[in-house]
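query.txt follows; it contains compact mmCIF, C-alpha atoms and all ligand atoms.
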```
# COMPACT_ATOMS: atom_id res chain seq x y z
CA MET Q 1 25.26 109.07 164.05
CA THR Q 2 28.51 110.65 165.25
CA ASP Q 3 30.01 109.37 168.51
CA ARG Q 4 30.47 112.05 171.14
CA TYR Q 5 33.34 112.17 173.68
CA ASP Q 6 34.48 114.61 176.31
CA VAL Q 7 38.05 114.39 175.03
CA VAL Q 8 39.72 112.91 171.98
CA VAL Q 9 43.41 112.21 172.56
CA LEU Q 10 45.39 112.01 169.32
CA GLY Q 11 48.44 109.76 169.65
CA ALA Q 12 49.17 106.97 172.13
CA GLY Q 13 52.84 107.52 172.79
CA PRO Q 14 53.80 108.38 176.38
CA ALA Q 15 52.28 111.88 176.07
CA GLY Q 16 48.91 110.58 174.90
CA LEU Q 17 48.95 107.71 177.38
CA GLY Q 18 49.87 110.00 180.27
CA ALA Q 19 47.05 112.34 179.27
CA ALA Q 20 44.45 109.63 178.70
CA LEU Q 21 45.13 107.74 181.94
CA ASN Q 22 44.61 110.86 184.01
CA LEU Q 23 41.63 112.04 181.94
CA VAL Q 24 39.70 108.78 182.38
CA ARG Q 25 40.49 108.82 186.10
CA ALA Q 26 38.95 112.30 186.14
CA ARG Q 27 35.90 110.63 184.56
CA PHE Q 28 36.17 112.28 181.17
CA ARG Q 29 34.81 110.00 178.46
CA THR Q 30 37.94 109.72 176.37
CA LEU Q 31 38.74 108.33 172.92
CA VAL Q 32 42.40 107.69 172.12
CA LEU Q 33 43.18 107.51 168.41
CA ASP Q 34 46.64 106.30 167.49
CA ALA Q 35 48.32 105.86 164.11
CA ASN Q 36 50.63 103.33 165.77
CA ARG Q 37 53.88 104.61 164.22
CA PRO Q 38 55.94 105.68 167.23
CA ARG Q 39 59.22 107.43 166.48
CA ASN Q 40 61.15 105.18 168.85
CA ALA Q 41 59.95 101.93 167.24
CA ALA Q 42 63.43 101.58 165.66
CA THR Q 43 64.96 100.73 169.02
CA LEU Q 44 64.70 97.54 171.07
CA HIS Q 45 65.35 99.08 174.47
CA SER Q 46 64.12 102.30 176.04
CA HIS Q 47 66.14 103.82 178.84
CA GLY Q 48 65.64 106.27 181.64
CA TYR Q 49 61.97 105.64 182.44
CA PRO Q 50 61.71 104.84 186.17
CA THR Q 51 60.60 101.24 186.86
CA ARG Q 52 60.93 100.41 183.12
CA ASP Q 53 64.59 101.07 182.30
CA GLY Q 54 65.53 98.86 179.34
CA ILE Q 55 61.96 97.97 178.36
CA SER Q 56 61.05 97.60 174.69
CA PRO Q 57 59.16 100.68 173.44
CA LEU Q 58 56.36 98.50 172.11
CA GLU Q 59 55.92 96.78 175.49
CA LEU Q 60 55.80 100.15 177.25
CA ARG Q 61 53.04 101.34 174.91
CA LYS Q 62 51.16 98.06 175.29
CA LEU Q 63 51.23 98.33 179.09
CA GLY Q 64 50.00 101.90 178.86
CA ARG Q 65 47.13 101.03 176.55
CA GLU Q 66 46.07 98.10 178.74
CA GLU Q 67 45.96 100.30 181.83
CA ILE Q 68 43.70 102.80 180.12
CA GLU Q 69 41.42 100.19 178.59
CA ARG Q 70 40.54 98.94 182.09
CA TYR Q 71 38.46 102.09 182.60
CA PRO Q 72 34.88 102.18 181.26
CA GLU Q 73 35.39 105.85 180.37
CA ALA Q 74 38.16 104.87 177.89
CA GLU Q 75 38.20 103.73 174.30
CA VAL Q 76 41.46 103.18 172.43
CA GLN Q 77 41.46 102.71 168.67
CA ASN Q 78 44.08 102.50 165.94
CA GLY Q 79 43.30 105.43 163.67
CA LYS Q 80 45.03 108.41 162.10
CA ALA Q 81 43.47 111.83 162.54
CA THR Q 82 43.10 113.40 159.10
CA ARG Q 83 41.11 116.51 159.95
CA VAL Q 84 40.07 118.41 163.07
CA ARG Q 85 37.62 121.29 162.76
CA ARG Q 86 35.57 123.44 165.06
CA ASP Q 87 31.92 122.62 165.62
CA GLY Q 88 30.24 125.16 167.89
CA ASP Q 89 32.06 125.03 171.23
CA GLY Q 90 33.58 121.65 170.41
CA PHE Q 91 35.37 119.81 167.61
CA VAL Q 92 34.79 117.25 164.90
CA VAL Q 93 37.65 114.79 164.46
CA GLU Q 94 37.92 112.72 161.30
CA ALA Q 95 40.20 109.70 161.32
CA SER Q 96 41.15 106.99 158.88
CA GLY Q 97 41.35 103.56 160.45
CA VAL Q 98 44.74 101.86 160.51
CA ARG Q 99 45.41 98.10 160.69
CA GLY Q 100 41.88 97.06 159.83
CA ALA Q 101 40.22 99.53 162.22
CA PRO Q 102 37.22 101.44 160.80
CA ASP Q 103 37.29 105.09 159.74
CA ARG Q 104 35.75 107.34 162.36
CA VAL Q 105 34.11 110.74 162.61
CA VAL Q 106 33.61 111.78 166.23
CA THR Q 107 32.86 114.94 168.15
CA ALA Q 108 34.52 116.12 171.36
CA ASP Q 109 34.60 119.09 173.70
CA VAL Q 110 38.38 118.90 173.95
CA VAL Q 111 41.16 117.74 171.63
CA ALA Q 112 44.53 116.67 173.04
CA VAL Q 113 47.30 116.66 170.44
CA CYS Q 114 50.02 114.13 171.29
CA THR Q 115 51.14 113.02 167.83
CA GLY Q 116 54.90 113.44 168.16
CA LEU Q 117 57.33 114.20 165.37
CA LEU Q 118 58.83 112.87 162.18
CA GLU Q 119 62.62 112.61 161.77
CA GLU Q 120 64.59 113.41 158.62
CA PHE Q 121 68.09 111.99 158.38
CA PRO Q 122 71.08 112.79 156.20
CA GLN Q 123 70.70 110.82 152.92
CA LEU Q 124 72.98 107.90 153.84
CA PRO Q 125 71.72 104.50 152.64
CA GLY Q 126 73.04 102.53 155.65
CA ILE Q 127 71.40 104.56 158.40
CA ARG Q 128 68.22 102.51 158.71
CA ALA Q 129 70.17 99.25 159.18
CA PHE Q 130 71.79 100.52 162.37
CA TYR Q 131 69.35 103.12 163.68
CA GLY Q 132 68.15 102.13 167.12
CA THR Q 133 70.97 99.64 167.80
CA SER Q 134 74.33 101.33 167.24
CA LEU Q 135 73.16 104.58 165.66
CA HIS Q 136 70.96 106.78 167.83
CA SER Q 137 69.52 110.26 168.04
CA CYS Q 138 68.98 110.71 171.80
CA ILE Q 139 72.28 111.07 173.62
CA LEU Q 140 70.89 110.90 177.16
CA CYS Q 141 68.82 107.82 176.22
CA ASP Q 142 71.53 105.71 174.57
CA ALA Q 143 75.09 106.97 175.14
CA TYR Q 144 75.56 104.93 178.31
CA GLU Q 145 75.60 101.64 176.38
CA HIS Q 146 78.47 102.97 174.20
CA ALA Q 147 80.60 104.53 176.90
CA GLY Q 148 84.29 104.44 176.07
CA GLN Q 149 83.75 103.41 172.45
CA PRO Q 150 84.92 105.26 169.31
CA ILE Q 151 81.81 107.32 168.55
CA ALA Q 152 80.70 109.34 165.52
CA LEU Q 153 78.41 112.32 165.71
CA ILE Q 154 76.89 113.04 162.30
CA GLY Q 155 74.76 116.09 161.57
CA GLU Q 156 74.26 119.32 159.74
CA THR Q 157 72.47 121.48 162.29
CA VAL Q 158 73.91 124.47 164.13
CA ASP Q 159 73.70 122.74 167.53
CA LEU Q 160 76.19 120.06 166.46
CA ALA Q 161 79.06 121.45 168.57
CA ASP Q 162 76.80 121.56 171.66
CA GLU Q 163 75.80 117.95 171.06
CA ALA Q 164 79.49 117.01 170.73
CA ARG Q 165 80.26 118.58 174.11
CA LEU Q 166 77.46 116.52 175.67
CA LEU Q 167 78.66 113.31 174.08
CA SER Q 168 82.20 113.80 175.31
CA ARG Q 169 80.91 112.86 178.77
CA TRP Q 170 80.72 109.25 177.61
CA THR Q 171 83.82 108.91 175.43
CA ASP Q 172 87.18 110.52 174.79
CA ASP Q 173 87.22 109.16 171.23
CA LEU Q 174 84.67 111.31 169.42
CA ILE Q 175 84.69 112.53 165.81
CA VAL Q 176 82.11 115.03 164.56
CA PHE Q 177 81.10 114.58 160.90
CA THR Q 178 79.54 117.71 159.40
CA ASN Q 179 78.84 115.96 156.06
CA GLY Q 180 80.24 118.87 154.08
CA SER Q 181 78.06 121.42 155.85
CA ALA Q 182 79.12 124.51 157.81
CA ALA Q 183 77.34 123.28 160.95
CA VAL Q 184 80.43 123.75 163.14
CA THR Q 185 82.18 127.13 163.06
CA ARG Q 186 85.99 127.43 163.13
CA ASP Q 187 85.77 128.83 166.69
CA GLU Q 188 83.68 125.89 167.80
CA GLU Q 189 86.08 123.51 166.09
CA ALA Q 190 88.99 125.02 168.04
CA ARG Q 191 87.10 124.65 171.33
CA LEU Q 192 86.18 121.05 170.53
CA ALA Q 193 89.84 120.34 169.69
CA GLU Q 194 90.75 121.44 173.24
CA ARG Q 195 88.62 118.54 174.45
CA GLY Q 196 90.24 116.15 171.99
CA ILE Q 197 87.22 116.10 169.67
CA ARG Q 198 88.05 116.11 165.93
CA VAL Q 199 85.78 117.72 163.35
CA GLU Q 200 85.66 115.96 159.97
CA ARG Q 201 84.27 118.26 157.29
CA ARG Q 202 84.39 116.00 154.23
CA PRO Q 203 81.01 114.76 152.96
CA VAL Q 204 79.95 111.35 154.21
CA ARG Q 205 79.08 108.65 151.67
CA ASP Q 206 77.57 106.14 154.09
CA VAL Q 207 77.87 104.31 157.37
CA THR Q 208 79.21 100.76 157.34
CA GLY Q 209 78.65 97.86 159.68
CA ASP Q 210 78.22 94.15 160.20
CA ARG Q 211 76.07 91.86 162.33
CA ASP Q 212 77.56 93.32 165.50
CA GLY Q 213 76.64 96.88 164.52
CA LEU Q 214 78.37 99.95 163.19
CA THR Q 215 81.98 99.60 162.04
CA GLY Q 216 82.70 102.97 160.51
CA VAL Q 217 81.85 106.09 158.59
CA LEU Q 218 82.71 106.06 154.89
CA LEU Q 219 83.78 109.42 153.48
CA VAL Q 220 83.21 110.69 149.96
CA ASP Q 221 86.79 109.82 148.95
CA ASP Q 222 86.30 106.22 150.23
CA GLU Q 223 88.33 106.68 153.40
CA LEU Q 224 86.72 104.57 156.12
CA VAL Q 225 86.88 106.10 159.60
CA PRO Q 226 86.42 103.24 162.11
CA ARG Q 227 83.62 103.91 164.67
CA ARG Q 228 81.67 101.49 166.88
CA ALA Q 229 78.65 103.69 167.52
CA GLY Q 230 77.12 106.85 166.20
CA PHE Q 231 74.72 109.61 167.02
CA LEU Q 232 72.75 111.44 164.38
CA ARG Q 233 71.27 114.84 164.66
CA PRO Q 234 68.09 114.46 162.57
CA ALA Q 235 65.96 117.36 161.45
CA TYR Q 236 62.56 117.16 163.15
CA ARG Q 237 59.32 117.79 161.32
CA PRO Q 238 55.96 117.99 163.05
CA ALA Q 239 53.22 116.38 160.94
CA LEU Q 240 50.30 118.56 161.97
CA ASP Q 241 48.57 119.25 158.65
CA TYR Q 242 45.40 117.65 160.00
CA LEU Q 243 45.08 120.59 162.44
CA ALA Q 244 45.42 123.28 159.75
CA GLU Q 245 41.85 124.55 160.08
CA LEU Q 246 42.38 125.37 163.77
CA GLU Q 247 45.18 127.84 162.90
CA LEU Q 248 47.14 127.02 166.05
CA ALA Q 249 50.20 129.09 166.96
CA VAL Q 250 53.46 127.36 166.02
CA ASP Q 251 57.11 128.33 166.40
CA ALA Q 252 59.64 128.79 163.59
CA ASP Q 253 60.12 125.02 163.36
CA GLY Q 254 56.39 124.34 163.11
CA LEU Q 255 56.17 122.98 166.66
CA LEU Q 256 53.03 123.79 168.61
CA VAL Q 257 53.23 126.66 171.05
CA ALA Q 258 51.59 125.77 174.36
CA ASP Q 259 51.80 126.92 177.97
CA ALA Q 260 53.44 124.73 180.63
CA ASP Q 261 50.14 122.87 181.12
CA GLY Q 262 49.60 122.18 177.44
CA ARG Q 263 47.08 124.88 176.54
CA THR Q 264 47.57 125.86 172.90
CA SER Q 265 46.50 129.16 171.36
CA ALA Q 266 43.00 127.76 170.72
CA PRO Q 267 40.58 127.22 173.61
CA GLY Q 268 39.78 123.52 173.97
CA VAL Q 269 42.91 122.36 172.14
CA TYR Q 270 45.72 121.07 174.33
CA ALA Q 271 49.05 119.51 173.38
CA ALA Q 272 51.84 117.52 175.01
CA GLY Q 273 55.00 115.64 174.09
CA ASP Q 274 57.42 115.96 171.21
CA SER Q 275 55.08 117.92 168.93
CA VAL Q 276 55.18 120.86 171.34
CA ALA Q 277 58.04 123.41 171.33
CA PRO Q 278 60.93 123.01 172.18
CA GLY Q 279 60.54 119.58 170.55
CA PRO Q 280 61.91 116.11 171.25
CA GLN Q 281 62.67 115.23 174.85
CA GLN Q 282 62.23 111.90 176.59
CA LEU Q 283 59.56 109.32 177.38
CA ILE Q 284 59.16 110.37 180.99
CA VAL Q 285 58.99 114.05 180.04
CA ALA Q 286 56.29 113.34 177.44
CA ALA Q 287 54.31 111.20 179.92
CA GLY Q 288 54.58 113.94 182.53
CA ALA Q 289 53.45 116.59 180.05
CA GLY Q 290 50.44 114.40 179.27
CA ALA Q 291 49.55 114.23 182.97
CA ARG Q 292 49.83 118.02 183.26
CA LEU Q 293 47.59 118.40 180.23
CA ALA Q 294 44.93 116.24 181.91
CA ALA Q 295 45.10 118.32 185.09
CA ALA Q 296 44.67 121.50 183.02
CA VAL Q 297 41.61 120.10 181.25
CA LEU Q 298 40.14 119.19 184.65
CA ARG Q 299 40.77 122.68 186.03
CA ASP Q 300 39.54 124.50 182.92
CA ARG Q 301 36.28 122.56 182.84
CA ALA Q 302 35.52 122.62 186.57
C1 LIG Q 401 65.12 105.68 168.11
C2 LIG Q 401 64.67 106.43 169.35
C3 LIG Q 401 65.01 105.97 170.58
C4 LIG Q 401 64.59 106.64 171.74
N1 LIG Q 401 64.96 106.15 172.94
C5 LIG Q 401 64.51 106.76 174.04
C6 LIG Q 401 64.86 106.24 175.33
O1 LIG Q 401 65.58 105.23 175.43
N2 LIG Q 401 64.41 106.89 176.43
C7 LIG Q 401 63.63 108.02 176.35
O2 LIG Q 401 63.23 108.54 177.37
N3 LIG Q 401 63.28 108.52 175.13
C8 LIG Q 401 63.70 107.92 173.99
N4 LIG Q 401 63.36 108.44 172.76
C9 LIG Q 401 62.52 109.64 172.72
C10 LIG Q 401 61.06 109.25 172.94
O3 LIG Q 401 60.72 108.14 172.12
C11 LIG Q 401 60.13 110.42 172.63
O4 LIG Q 401 60.57 111.58 173.31
C12 LIG Q 401 58.70 110.09 173.06
O5 LIG Q 401 58.27 108.90 172.44
C13 LIG Q 401 57.78 111.24 172.72
O6 LIG Q 401 56.48 110.88 173.08
P1 LIG Q 401 55.21 111.43 172.30
O7 LIG Q 401 54.04 110.77 172.96
O8 LIG Q 401 55.25 112.89 172.20
O9 LIG Q 401 55.37 110.91 170.79
P2 LIG Q 401 55.45 109.37 170.16
O10 LIG Q 401 55.95 108.48 171.20
O11 LIG Q 401 56.19 109.57 168.93
O12 LIG Q 401 53.94 109.06 169.93
C14 LIG Q 401 53.17 109.75 168.99
C15 LIG Q 401 52.08 108.81 168.52
O13 LIG Q 401 51.13 109.58 167.73
C16 LIG Q 401 50.80 108.84 166.59
N5 LIG Q 401 50.31 109.75 165.55
C17 LIG Q 401 51.02 110.53 164.70
N6 LIG Q 401 50.20 111.22 163.89
C18 LIG Q 401 48.94 110.87 164.27
C19 LIG Q 401 47.66 111.26 163.81
N7 LIG Q 401 47.51 112.14 162.79
N8 LIG Q 401 46.57 110.68 164.37
C20 LIG Q 401 46.71 109.79 165.40
N9 LIG Q 401 47.91 109.39 165.87
C21 LIG Q 401 49.01 109.94 165.31
C22 LIG Q 401 52.08 108.13 166.22
O14 LIG Q 401 51.83 107.04 165.36
C23 LIG Q 401 52.60 107.71 167.59
O15 LIG Q 401 52.06 106.46 167.97
C24 LIG Q 401 63.80 107.81 171.62
C25 LIG Q 401 63.45 108.30 170.35
C26 LIG Q 401 63.90 107.62 169.22
C27 LIG Q 401 63.52 108.16 167.87
```
How does the structure come out when it is put into structure tokens?
Amino acid sequence: MTDRYDVVVLGAGPAGLGAALNLVRARFRTLVLDANRPRNAATLHSHGYPTRDGISPLELRKLGREEIERYPEAEVQNGKATRVRRDGDGFVVEASGVRGAPDRVVTADVVAVCTGLLEEFPQLPGIRAFYGTSLHSCILCDAYEHAGQPIALIGETVDLADEARLLSRWTDDLIVFTNGSAAVTRDEEARLAERGIRVERRPVRDVTGDRDGLTGVLLVDDELVPRRAGFLRPAYRPALDYLAELELAVDADGLLVADADGRTSAPGVYAAGDSVAPGPQQLIVAAGAGARLAAAVLRDRA
């Protein structure tokens, strides 16, 4: 027999947790399925979340799960959604169990998509060793800890010059590495130079470091440019293949298109957090979007 829920929330990051907490408090019988691979797991400290500034991301998720599990309307399970399809007015969700949890096939009136994003980095072997400690992707989240340091900004996307302008708030020793790409135009380079920001166009071979963190950026010709911290501009890829049969509207980057309350193009399918256009934001923003999603479900089903 297939278990039936009012709502299945996919993903237990802050978006899914914010949605689920408010859904169970609205007395919706809610299943949360989570693949347990949060994007921010690389870091030890999360910043900017009121009352929890500096908390470990895993602790924040654990607290969120525990709060939800106190409600009899809630069930939280490790599982990865592999397929969602329509079934009459509702949905069938298929999930493979992760970490010893069983596979599941459940039905629900509503599906809440909160499964975040995947990041793709420049192909530099050393990135993983420093990502989350002295190499970061979220400037507002992590620049404060590196204020005043020699900082690298590495990326190949067209918003690189904008990101450089943001970063210059925290340091006056910033070098932008385009890794051989044309990400920064000559005009932008001139404007960055006015702020004392240098653009390095040679391809990057790797990042170097020691036990204390990043020490530099190694260029293709073996010149080492000393840096104590770095910011990467990853490419973001939503992993939403499991929703293919619903034919949801997405933007040019594949991010879900939803209204401000999380309603997607398909009735009964809602979405919140990083997998929704315009893409990655912050923990508190994702949690807030989850709460808005829950309020929309409540209103739509009243
Ligand atoms: C290294 C790093 C550091 C960061 N530091 C900060 C910070 O200090 N402060 C801050 O505010 N923000 C920070 N962020 C940003 C923040 O982590 C994200 O904006 C936030 O986690 C987005 O929440 P979310 O719920 O949308 O997605 P996530 O938190 O990514 O959660 C998505 C969840 O869905 C699960 N999932 C994926 N696919 C499926 C599926 N098919 N079925 C079921 N579950 C699935 C994933 O395993 C994951 O658990 C950081 C990000 C990174 C990468």
Handout entry: Surroundings of ligand LIG 401 (chain Q) up to 7 Å, based on all atoms listed in the file, as an MDAnalysis selection string
Key = chainID Q and resid 10:16 33:43 45:49 79:82 114:117 131:132 136:138 141:142 239 242 272:275 280:284 286:287
Need the shell around Asp3 of chain Q: protein/DNA/RNA residues with any atom at most 12 Å away, counting all atoms listed in the file. Skip same-chain ones fewer than 3 positions apart. Format as a JSON list (two decimals) with C-alpha atoms, in the coordinates of the input?
```
[["chain", "number", "residue", "atom", "x", "y", "z"],
["Q", 6, "ASP", "CA", 34.48, 114.61, 176.31],
["Q", 7, "VAL", "CA", 38.05, 114.39, 175.03],
["Q", 8, "VAL", "CA", 39.72, 112.91, 171.98],
["Q", 29, "ARG", "CA", 34.81, 110.00, 178.46],
["Q", 30, "THR", "CA", 37.94, 109.72, 176.37],
["Q", 31, "LEU", "CA", 38.74, 108.33, 172.92],
["Q", 75, "GLU", "CA", 38.20, 103.73, 174.30],
["Q", 91, "PHE", "CA", 35.37, 119.81, 167.61],
["Q", 92, "VAL", "CA", 34.79, 117.25, 164.90],
["Q", 93, "VAL", "CA", 37.65, 114.79, 164.46],
["Q", 94, "GLU", "CA", 37.92, 112.72, 161.30],
["Q", 104, "ARG", "CA", 35.75, 107.34, 162.36],
["Q", 105, "VAL", "CA", 34.11, 110.74, 162.61],
["Q", 106, "VAL", "CA", 33.61, 111.78, 166.23],
["Q", 107, "THR", "CA", 32.86, 114.94, 168.15],
["Q", 108, "ALA", "CA", 34.52, 116.12, 171.36],
["Q", 109, "ASP", "CA", 34.60, 119.09, 173.70]]
```
At a cut-off of 12 Å, using only C-alpha atoms, what residues contact Leu166 of chain Q? Leave out same-chain residues fewer than 6 positions from it and give the result as an mmCIF file with C-alpha atoms, in the frame of the given file.
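The resulting result-v4.cif:
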```cif
data_model
loop_
_atom_site.group_PDB
_atom_site.id
_atom_site.type_symbol
_atom_site.label_atom_id
_atom_site.label_comp_id
_atom_site.auth_asym_id
_atom_site.auth_seq_id
_atom_site.Cartn_x
_atom_site.Cartn_y
_atom_site.Cartn_z
ATOM 1 C CA CYS Q 138 68.980 110.710 171.800
ATOM 2 C CA ILE Q 139 72.280 111.070 173.620
ATOM 3 C CA LEU Q 140 70.890 110.900 177.160
ATOM 4 C CA ALA Q 143 75.090 106.970 175.140
ATOM 5 C CA LEU Q 153 78.410 112.320 165.710
ATOM 6 C CA ASP Q 159 73.700 122.740 167.530
ATOM 7 C CA LEU Q 160 76.190 120.060 166.460
ATOM 8 C CA ASP Q 172 87.180 110.520 174.790
ATOM 9 C CA LEU Q 174 84.670 111.310 169.420
ATOM 10 C CA LEU Q 192 86.180 121.050 170.530
ATOM 11 C CA ARG Q 195 88.620 118.540 174.450
ATOM 12 C CA ILE Q 197 87.220 116.100 169.670
ATOM 13 C CA PHE Q 231 74.720 109.610 167.020
#
```
Practice task
Could you please determine the separation between atom CA of Arg86 of chain Q and atom CA of Leu246 of chain Q in Å, to one decimal place?
Solution key: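 Separation between atom CA of Arg86 of chain Q and atom CA of Leu246 of chain Q: 7.2 Å.
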Write out as a PDB file with C-alpha atoms, in the coordinates of the input which residues come within 6 Å of Ala152 of chain Q when counting only C-alpha atoms, dropping same-chain ones fewer than 6 positions away.
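part-v4.pdb, written as the output of this step:
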```
ATOM      1  CA  LEU Q 174      84.670 111.310 169.420  1.00  0.00           C
ATOM      2  CA  ILE Q 175      84.690 112.530 165.810  1.00  0.00           C
ATOM      3  CA  VAL Q 176      82.110 115.030 164.560  1.00  0.00           C
ATOM      4  CA  GLY Q 230      77.120 106.850 166.200  1.00  0.00           C
TER       5      GLY Q 230
END
```
Problem - Two-atom distance - atom CA of Asp241 of chain Q, atom CA of Arg83 of chain Q (Å) - result: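 Going from atom CA of Asp241 of chain Q over to atom CA of Arg83 of chain Q, I get 8.1 Å.
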Problem - Two-atom distance - atom CA of Glu119 of chain Q, atom CA of Pro238 of chain Q (Å) - result: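 For atom CA of Glu119 of chain Q relative to atom CA of Pro238 of chain Q, the distance reads 8.7 Å.
Between Ile154 of chain Q and the candidates Q:Val250, Q:Ala235, Q:Val111, Q:Leu63, the tightest atom-to-atom separation, counting all atoms listed in the file, involves Q:Ala235.
Proximity ranking of Q:Ser168, Q:Ser134, Q:Asn179, Q:Thr215 relative to Glu200 of chain Q places Q:Asn179 first, based on all atoms listed in the file.
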Exercise for the section: Give the answer as one residue: which of Q:Asp103, Q:Asp173, Q:Asp212, Q:Glu67 has the shortest atom-to-atom distance to Ala129 of chain Q, using all atoms listed in the file? Expected result: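 Going through Q:Asp103, Q:Asp173, Q:Asp212, Q:Glu67 one by one, the smallest distance to Ala129 of chain Q is for Q:Asp212.
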Missing atoms of segment 260-273 of chain Q rebuilt to N, CA and C atoms, written as an mmCIF file, in the frame of the given file:
```
data_model
loop_
_atom_site.group_PDB
_atom_site.id
_atom_site.type_symbol
_atom_site.label_atom_id
_atom_site.label_comp_id
_atom_site.auth_asym_id
_atom_site.auth_seq_id
_atom_site.Cartn_x
_atom_site.Cartn_y
_atom_site.Cartn_z
ATOM 1 N N ALA Q 260 52.801 125.857 179.923
ATOM 2 C CA ALA Q 260 53.440 124.730 180.630
ATOM 3 C C ALA Q 260 52.450 123.609 180.922
ATOM 4 N N ASP Q 261 51.153 123.897 180.877
ATOM 5 C CA ASP Q 261 50.140 122.870 181.120
ATOM 6 C C ASP Q 261 49.510 122.351 179.837
ATOM 7 N N GLY Q 262 50.063 122.749 178.700
ATOM 8 C CA GLY Q 262 49.600 122.180 177.440
ATOM 9 C C GLY Q 262 48.490 122.937 176.745
ATOM 10 N N ARG Q 263 48.130 124.112 177.232
ATOM 11 C CA ARG Q 263 47.080 124.880 176.540
ATOM 12 C C ARG Q 263 47.675 125.518 175.302
ATOM 13 N N THR Q 264 47.100 125.234 174.146
ATOM 14 C CA THR Q 264 47.570 125.860 172.900
ATOM 15 C C THR Q 264 46.897 127.222 172.760
ATOM 16 N N SER Q 265 47.082 127.835 171.592
ATOM 17 C CA SER Q 265 46.500 129.160 171.360
ATOM 18 C C SER Q 265 44.982 129.090 171.155
ATOM 19 N N ALA Q 266 44.441 127.891 170.966
ATOM 20 C CA ALA Q 266 43.000 127.760 170.720
ATOM 21 C C ALA Q 266 42.312 127.142 171.927
ATOM 22 N N PRO Q 267 41.290 127.809 172.477
ATOM 23 C CA PRO Q 267 40.580 127.220 173.610
ATOM 24 C C PRO Q 267 40.067 125.823 173.256
ATOM 25 N N GLY Q 268 40.255 124.892 174.199
ATOM 26 C CA GLY Q 268 39.780 123.520 173.970
ATOM 27 C C GLY Q 268 40.780 122.616 173.289
ATOM 28 N N VAL Q 269 41.876 123.185 172.785
ATOM 29 C CA VAL Q 269 42.910 122.360 172.140
ATOM 30 C C VAL Q 269 44.157 122.379 173.020
ATOM 31 N N TYR Q 270 44.568 121.213 173.450
ATOM 32 C CA TYR Q 270 45.720 121.070 174.330
ATOM 33 C C TYR Q 270 46.766 120.218 173.598
ATOM 34 N N ALA Q 271 48.007 120.287 174.051
ATOM 35 C CA ALA Q 271 49.050 119.510 173.380
ATOM 36 C C ALA Q 271 50.143 119.136 174.366
ATOM 37 N N ALA Q 272 50.747 117.973 174.134
ATOM 38 C CA ALA Q 272 51.840 117.520 175.010
ATOM 39 C C ALA Q 272 52.790 116.632 174.208
ATOM 40 N N GLY Q 273 54.014 116.539 174.699
ATOM 41 C CA GLY Q 273 55.000 115.640 174.090
ATOM 42 C C GLY Q 273 55.843 116.309 173.037
#
```
